[in-house]
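Undergrad: Sharing upload-v7.pdb, PDB, C-alpha atoms:
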ATOM      1  CA  MET A  27     -10.365 111.282 -29.597
ATOM      2  CA  GLN A  28     -10.375 107.508 -29.996
ATOM      3  CA  ALA A  29     -12.397 106.167 -32.931
ATOM      4  CA  VAL A  30     -13.103 102.737 -34.356
ATOM      5  CA  THR A  31     -10.845 101.702 -37.236
ATOM      6  CA  GLY A  32     -13.152  99.199 -38.938
ATOM      7  CA  ILE A  33     -15.503  96.294 -38.453
ATOM      8  CA  GLY A  34     -13.873  93.300 -36.823
ATOM      9  CA  GLY A  35     -16.858  91.012 -37.043
ATOM     10  CA  ILE A  36     -20.566  90.444 -37.449
ATOM     11  CA  PHE A  37     -22.171  87.916 -35.101
ATOM     12  CA  PHE A  38     -25.804  86.868 -35.353
ATOM     13  CA  ARG A  39     -28.171  84.257 -33.955
ATOM     14  CA  ALA A  40     -29.334  81.272 -35.977
ATOM     15  CA  ARG A  41     -31.643  78.350 -35.190
ATOM     16  CA  ASP A  42     -29.071  76.002 -36.779
ATOM     17  CA  PRO A  43     -25.704  77.801 -37.140
ATOM     18  CA  GLN A  44     -24.001  74.869 -38.884
ATOM     19  CA  ALA A  45     -26.728  74.431 -41.503
ATOM     20  CA  LEU A  46     -26.967  78.169 -42.075
ATOM     21  CA  GLY A  47     -23.203  78.410 -42.487
ATOM     22  CA  GLN A  48     -23.332  75.591 -45.032
ATOM     23  CA  TRP A  49     -26.050  77.454 -46.965
ATOM     24  CA  TYR A  50     -23.882  80.580 -47.098
ATOM     25  CA  GLN A  51     -20.904  78.497 -48.197
ATOM     26  CA  GLN A  52     -22.842  76.669 -50.914
ATOM     27  CA  HIS A  53     -24.804  79.609 -52.314
ATOM     28  CA  LEU A  54     -22.576  82.620 -51.659
ATOM     29  CA  GLY A  55     -19.146  81.051 -51.454
ATOM     30  CA  VAL A  56     -18.519  82.112 -47.849
ATOM     31  CA  PRO A  57     -15.249  80.357 -46.905
ATOM     32  CA  LEU A  58     -16.204  78.519 -43.709
ATOM     33  CA  GLU A  59     -13.560  77.687 -41.134
ATOM     34  CA  PRO A  60     -13.745  74.505 -38.999
ATOM     35  CA  TRP A  61     -15.227  76.561 -36.119
ATOM     36  CA  GLY A  62     -18.275  77.411 -38.263
ATOM     37  CA  GLY A  63     -17.681  81.017 -39.296
ATOM     38  CA  ALA A  64     -15.543  82.797 -41.864
ATOM     39  CA  ALA A  65     -12.463  84.987 -41.563
ATOM     40  CA  PHE A  66     -12.088  87.511 -44.376
ATOM     41  CA  GLU A  67      -8.518  88.839 -44.576
ATOM     42  CA  TRP A  68      -7.554  92.145 -46.170
ATOM     43  CA  GLN A  69      -4.825  94.800 -46.232
ATOM     44  CA  THR A  70      -4.972  98.586 -46.195
ATOM     45  CA  PRO A  71      -2.592 101.290 -47.421
ATOM     46  CA  ALA A  72      -1.978 102.179 -43.743
ATOM     47  CA  ASN A  73      -0.945  98.584 -42.978
ATOM     48  CA  PRO A  74       0.343  97.052 -46.249
ATOM     49  CA  GLN A  75       2.430  94.359 -44.532
ATOM     50  CA  GLY A  76      -0.178  93.150 -42.061
ATOM     51  CA  ALA A  77      -3.436  91.408 -42.789
ATOM     52  CA  GLY A  78      -6.645  92.637 -41.213
ATOM     53  CA  THR A  79      -9.463  90.217 -40.491
ATOM     54  CA  THR A  80     -13.224  90.589 -40.406
ATOM     55  CA  ILE A  81     -15.119  87.666 -38.872
ATOM     56  CA  TRP A  82     -18.564  86.492 -39.962
ATOM     57  CA  SER A  83     -20.123  84.055 -37.513
ATOM     58  CA  PRO A  84     -23.557  82.585 -36.851
ATOM     59  CA  PHE A  85     -24.120  81.868 -33.144
ATOM     60  CA  ALA A  86     -26.517  79.381 -31.581
ATOM     61  CA  ALA A  87     -29.922  80.903 -30.892
ATOM     62  CA  ASP A  88     -29.437  80.290 -27.156
ATOM     63  CA  SER A  89     -25.859  81.653 -26.962
ATOM     64  CA  ASN A  90     -25.074  83.795 -23.934
ATOM     65  CA  TYR A  91     -22.196  85.640 -25.627
ATOM     66  CA  TYR A  92     -24.475  88.657 -26.033
ATOM     67  CA  PRO A  93     -28.001  89.484 -24.742
ATOM     68  CA  GLN A  94     -30.645  86.856 -25.543
ATOM     69  CA  ASP A  95     -33.121  89.464 -26.787
ATOM     70  CA  LYS A  96     -30.695  90.758 -29.437
ATOM     71  CA  GLN A  97     -30.262  89.110 -32.822
ATOM     72  CA  PHE A  98     -26.788  90.448 -33.575
ATOM     73  CA  MET A  99     -23.623  91.967 -32.167
ATOM     74  CA  ILE A 100     -21.063  94.021 -34.070
ATOM     75  CA  ASN A 101     -17.361  93.853 -33.265
ATOM     76  CA  PHE A 102     -15.467  97.069 -34.002
ATOM     77  CA  ARG A 103     -11.692  97.227 -34.401
ATOM     78  CA  VAL A 104      -9.918  99.843 -32.271
ATOM     79  CA  ALA A 105      -6.275 100.942 -32.122
ATOM     80  CA  ASP A 106      -6.085 101.344 -28.321
ATOM     81  CA  LEU A 107      -8.705  99.438 -26.344
ATOM     82  CA  ASP A 108      -7.718 100.847 -22.958
ATOM     83  CA  ALA A 109      -7.946 104.432 -24.196
ATOM     84  CA  MET A 110     -11.278 103.748 -25.919
ATOM     85  CA  LEU A 111     -12.775 102.189 -22.788
ATOM     86  CA  ALA A 112     -11.511 105.094 -20.656
ATOM     87  CA  GLN A 113     -13.080 107.550 -23.107
ATOM     88  CA  LEU A 114     -16.406 105.696 -22.953
ATOM     89  CA  ARG A 115     -16.339 105.558 -19.148
ATOM     90  CA  ALA A 116     -15.608 109.296 -18.990
ATOM     91  CA  ALA A 117     -18.742 109.837 -21.100
ATOM     92  CA  ASP A 118     -20.794 107.713 -18.639
ATOM     93  CA  CYS A 119     -21.379 104.944 -21.178
ATOM     94  CA  ALA A 120     -22.299 101.449 -19.980
ATOM     95  CA  VAL A 121     -18.868  99.792 -20.188
ATOM     96  CA  ASP A 122     -18.411  96.186 -19.081
ATOM     97  CA  GLU A 123     -15.667  95.896 -16.444
ATOM     98  CA  LYS A 124     -14.426  92.663 -18.017
ATOM     99  CA  VAL A 125     -11.550  92.902 -20.519
ATOM    100  CA  GLU A 126     -10.101  89.824 -22.228
ATOM    101  CA  ASP A 127      -6.521  89.573 -23.456
ATOM    102  CA  SER A 128      -5.633  86.551 -25.608
ATOM    103  CA  GLU A 129      -3.595  85.478 -28.609
ATOM    104  CA  TYR A 130      -6.393  87.007 -30.738
ATOM    105  CA  GLY A 131      -6.008  90.451 -29.166
ATOM    106  CA  LYS A 132      -7.777  92.454 -26.480
ATOM    107  CA  PHE A 133     -11.571  92.583 -26.141
ATOM    108  CA  GLY A 134     -13.883  94.917 -24.246
ATOM    109  CA  TRP A 135     -17.613  95.660 -24.378
ATOM    110  CA  VAL A 136     -19.983  98.600 -24.152
ATOM    111  CA  THR A 137     -23.779  98.616 -24.334
ATOM    112  CA  ASP A 138     -25.414 101.278 -26.503
ATOM    113  CA  PRO A 139     -28.493 103.274 -25.373
ATOM    114  CA  GLU A 140     -30.841 100.732 -27.019
ATOM    115  CA  GLY A 141     -29.315  97.780 -25.172
ATOM    116  CA  ASN A 142     -27.131  96.434 -28.002
ATOM    117  CA  LYS A 143     -23.875  94.943 -26.756
ATOM    118  CA  VAL A 144     -20.933  96.174 -28.847
ATOM    119  CA  GLU A 145     -17.636  94.325 -28.804
ATOM    120  CA  LEU A 146     -14.437  96.363 -29.141
ATOM    121  CA  TRP A 147     -11.345  94.558 -30.393
ATOM    122  CA  GLN A 148      -7.722  95.634 -30.417
ATOM    123  CA  PRO A 149      -6.055  93.119 -32.763
ATOM    124  CA  PRO A 150      -2.571  91.803 -32.006
ATOM    125  CA  ALA A 151       0.283  93.873 -33.450
ATOM    126  CA  GLY A 152       0.564  93.516 -37.232
ATOM    127  CA  LYS A 153      -3.050  92.438 -37.704
TER     128      LYS A 153
END
Show how you would write the structure in this file as structure tokens.
TA:
Amino acid sequence: MQAVTGIGGIFFRARDPQALGQWYQQHLGVPLEPWGGAAFEWQTPANPQGAGTTIWSPFAADSNYYPQDKQFMINFRVADLDAMLAQLRAADCAVDEKVEDSEYGKFGWVTDPEGNKVELWQPPAGK
């Protein structure tokens, strides 16, 4: 059975993403990147040479990246996106037909029974 391997990111809506990011940077030391979010890197015993990344990112309140009526979206890391999506389809889950493949890895989406869009991410090799 395919299973998630960790959290790849937390995305949430904000009235003013830039100002909110600055607040988190100033008061909590969140290391903001030029694109407005943070990338926390880490290693695990299973992957001591590679660096994993968890993204923290405020999105504009009117962003269409995930449903307007939802305040957040979680990105889960997976080892084999194609196998995970096939497993979800076989279980009659609401899987988005779109899959993105980029320098950042492969992305797919499923919607849970309460209408929350969940992003699934297969990082590039070594990440």
Undergrad: Convert the output of the PyMOL selection byres ((chain A and resi 56) around 12) on the shown file into explicit residues, formatted as an MDAnalysis selection string.
TA: chainID A and resid 46:55 57:59 62:66 81:83
Undergrad: Restricted to C-alpha atoms, what would the selected residues look like written as a PDB file, in the frame of the given file?
TA:
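This is the output file again_26.pdb:
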ATOM      1  CA  LEU A  46     -26.967  78.169 -42.075  1.00  0.00           C
ATOM      2  CA  GLY A  47     -23.203  78.410 -42.487  1.00  0.00           C
ATOM      3  CA  GLN A  48     -23.332  75.591 -45.032  1.00  0.00           C
ATOM      4  CA  TRP A  49     -26.050  77.454 -46.965  1.00  0.00           C
ATOM      5  CA  TYR A  50     -23.882  80.580 -47.098  1.00  0.00           C
ATOM      6  CA  GLN A  51     -20.904  78.497 -48.197  1.00  0.00           C
ATOM      7  CA  GLN A  52     -22.842  76.669 -50.914  1.00  0.00           C
ATOM      8  CA  HIS A  53     -24.804  79.609 -52.314  1.00  0.00           C
ATOM      9  CA  LEU A  54     -22.576  82.620 -51.659  1.00  0.00           C
ATOM     10  CA  GLY A  55     -19.146  81.051 -51.454  1.00  0.00           C
ATOM     11  CA  PRO A  57     -15.249  80.357 -46.905  1.00  0.00           C
ATOM     12  CA  LEU A  58     -16.204  78.519 -43.709  1.00  0.00           C
ATOM     13  CA  GLU A  59     -13.560  77.687 -41.134  1.00  0.00           C
ATOM     14  CA  GLY A  62     -18.275  77.411 -38.263  1.00  0.00           C
ATOM     15  CA  GLY A  63     -17.681  81.017 -39.296  1.00  0.00           C
ATOM     16  CA  ALA A  64     -15.543  82.797 -41.864  1.00  0.00           C
ATOM     17  CA  ALA A  65     -12.463  84.987 -41.563  1.00  0.00           C
ATOM     18  CA  PHE A  66     -12.088  87.511 -44.376  1.00  0.00           C
ATOM     19  CA  ILE A  81     -15.119  87.666 -38.872  1.00  0.00           C
ATOM     20  CA  TRP A  82     -18.564  86.492 -39.962  1.00  0.00           C
ATOM     21  CA  SER A  83     -20.123  84.055 -37.513  1.00  0.00           C
TER      22      SER A  83
END
Undergrad: Taking the file as I've supplied it (selection: the PyMOL selection byres ((chain A and resi 143) around 12)), which residues are included? Please answer as an mmCIF file with C-alpha atoms, in the frame of the given file.
TA:
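result.cif was written with the following content:
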data_model
loop_
_atom_site.group_PDB
_atom_site.id
_atom_site.type_symbol
_atom_site.label_atom_id
_atom_site.label_comp_id
_atom_site.auth_asym_id
_atom_site.auth_seq_id
_atom_site.Cartn_x
_atom_site.Cartn_y
_atom_site.Cartn_z
ATOM 1 C CA PHE A 37 -22.171 87.916 -35.101
ATOM 2 C CA PHE A 38 -25.804 86.868 -35.353
ATOM 3 C CA ASN A 90 -25.074 83.795 -23.934
ATOM 4 C CA TYR A 91 -22.196 85.640 -25.627
ATOM 5 C CA TYR A 92 -24.475 88.657 -26.033
ATOM 6 C CA PRO A 93 -28.001 89.484 -24.742
ATOM 7 C CA GLN A 94 -30.645 86.856 -25.543
ATOM 8 C CA ASP A 95 -33.121 89.464 -26.787
ATOM 9 C CA LYS A 96 -30.695 90.758 -29.437
ATOM 10 C CA GLN A 97 -30.262 89.110 -32.822
ATOM 11 C CA PHE A 98 -26.788 90.448 -33.575
ATOM 12 C CA MET A 99 -23.623 91.967 -32.167
ATOM 13 C CA ILE A 100 -21.063 94.021 -34.070
ATOM 14 C CA ASN A 101 -17.361 93.853 -33.265
ATOM 15 C CA PHE A 102 -15.467 97.069 -34.002
ATOM 16 C CA CYS A 119 -21.379 104.944 -21.178
ATOM 17 C CA ALA A 120 -22.299 101.449 -19.980
ATOM 18 C CA VAL A 121 -18.868 99.792 -20.188
ATOM 19 C CA ASP A 122 -18.411 96.186 -19.081
ATOM 20 C CA GLY A 134 -13.883 94.917 -24.246
ATOM 21 C CA TRP A 135 -17.613 95.660 -24.378
ATOM 22 C CA VAL A 136 -19.983 98.600 -24.152
ATOM 23 C CA THR A 137 -23.779 98.616 -24.334
ATOM 24 C CA ASP A 138 -25.414 101.278 -26.503
ATOM 25 C CA PRO A 139 -28.493 103.274 -25.373
ATOM 26 C CA GLU A 140 -30.841 100.732 -27.019
ATOM 27 C CA GLY A 141 -29.315 97.780 -25.172
ATOM 28 C CA ASN A 142 -27.131 96.434 -28.002
ATOM 29 C CA VAL A 144 -20.933 96.174 -28.847
ATOM 30 C CA GLU A 145 -17.636 94.325 -28.804
ATOM 31 C CA LEU A 146 -14.437 96.363 -29.141
#
Undergrad: Please provide the set of residues having any atom within 6 Å of A:Gln69, restricted to all atoms listed in the file, with same-chain residues fewer than 4 positions apart removed, written as JSON, numbers by chain.
TA: {"A": [74, 77, 78]}
Undergrad: What would the file look like if the residues just selected were written as a compact mmCIF listing (two decimals), in the coordinates of the input with C-alpha atoms?
TA:
# COMPACT_ATOMS: atom_id res chain seq x y z
CA PRO A 74 0.34 97.05 -46.25
CA ALA A 77 -3.44 91.41 -42.79
CA GLY A 78 -6.64 92.64 -41.21
Undergrad: Using only C-alpha atoms, which of A:Asp88, A:Gln28, A:Gln75, A:Ala151 sits nearest A:Asp106?
TA: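 Once distances to A:Asp106 are computed over only C-alpha atoms, the minimum belongs to A:Gln28.
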Undergrad: Hey, can you check how far atom CA of A:Leu107 sits from atom CA of A:Gly131?
TA: 9.8 Å
Undergrad: Have a look at atom CA of A:Asp108 and atom CA of A:Lys132 and let me know their distance in Å, one decimal.
TA: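 Separation between atom CA of A:Asp108 and atom CA of A:Lys132: 9.1 Å.
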Undergrad: Just give me the gap between atom CA of A:Trp61 and atom CA of A:Pro84 in Å, one decimal is fine.
TA: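 So the answer is 10.3 Å.
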Undergrad: Which of these, A:Ala105, A:Arg115, A:Gln44, A:Phe85, has the shortest distance to A:Pro60 once you count only C-alpha atoms?
TA: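 Closest to A:Pro60 of all the choices is A:Gln44.
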Undergrad: Would you compute an axis-aligned box for stretch 109-114 of chain A, covering every atom listed for it in the file with 5 Å of margin on each side, and report centre and edge lengths in Å to one decimal as AutoDock Vina command-line options?
TA:
--center_x -12.2 --center_y 104.9 --center_z -23.3 --size_x 18.5 --size_y 15.4 --size_z 15.3
Undergrad: Would you be able to write out as a PyMOL selection string which residues have an atom within 7 Å of (-7.2, 109.3, -27.0) in the file's coordinates, counting all atoms listed in the file?
TA: chain A and resi 27-28+109-110
Undergrad: Which residues fall under the PyMOL selection byres ((chain A and resi 30) around 6) in this file, as a list in words?
TA: Ala29, Thr31, Gly32, Arg103 and Val104 of chain A
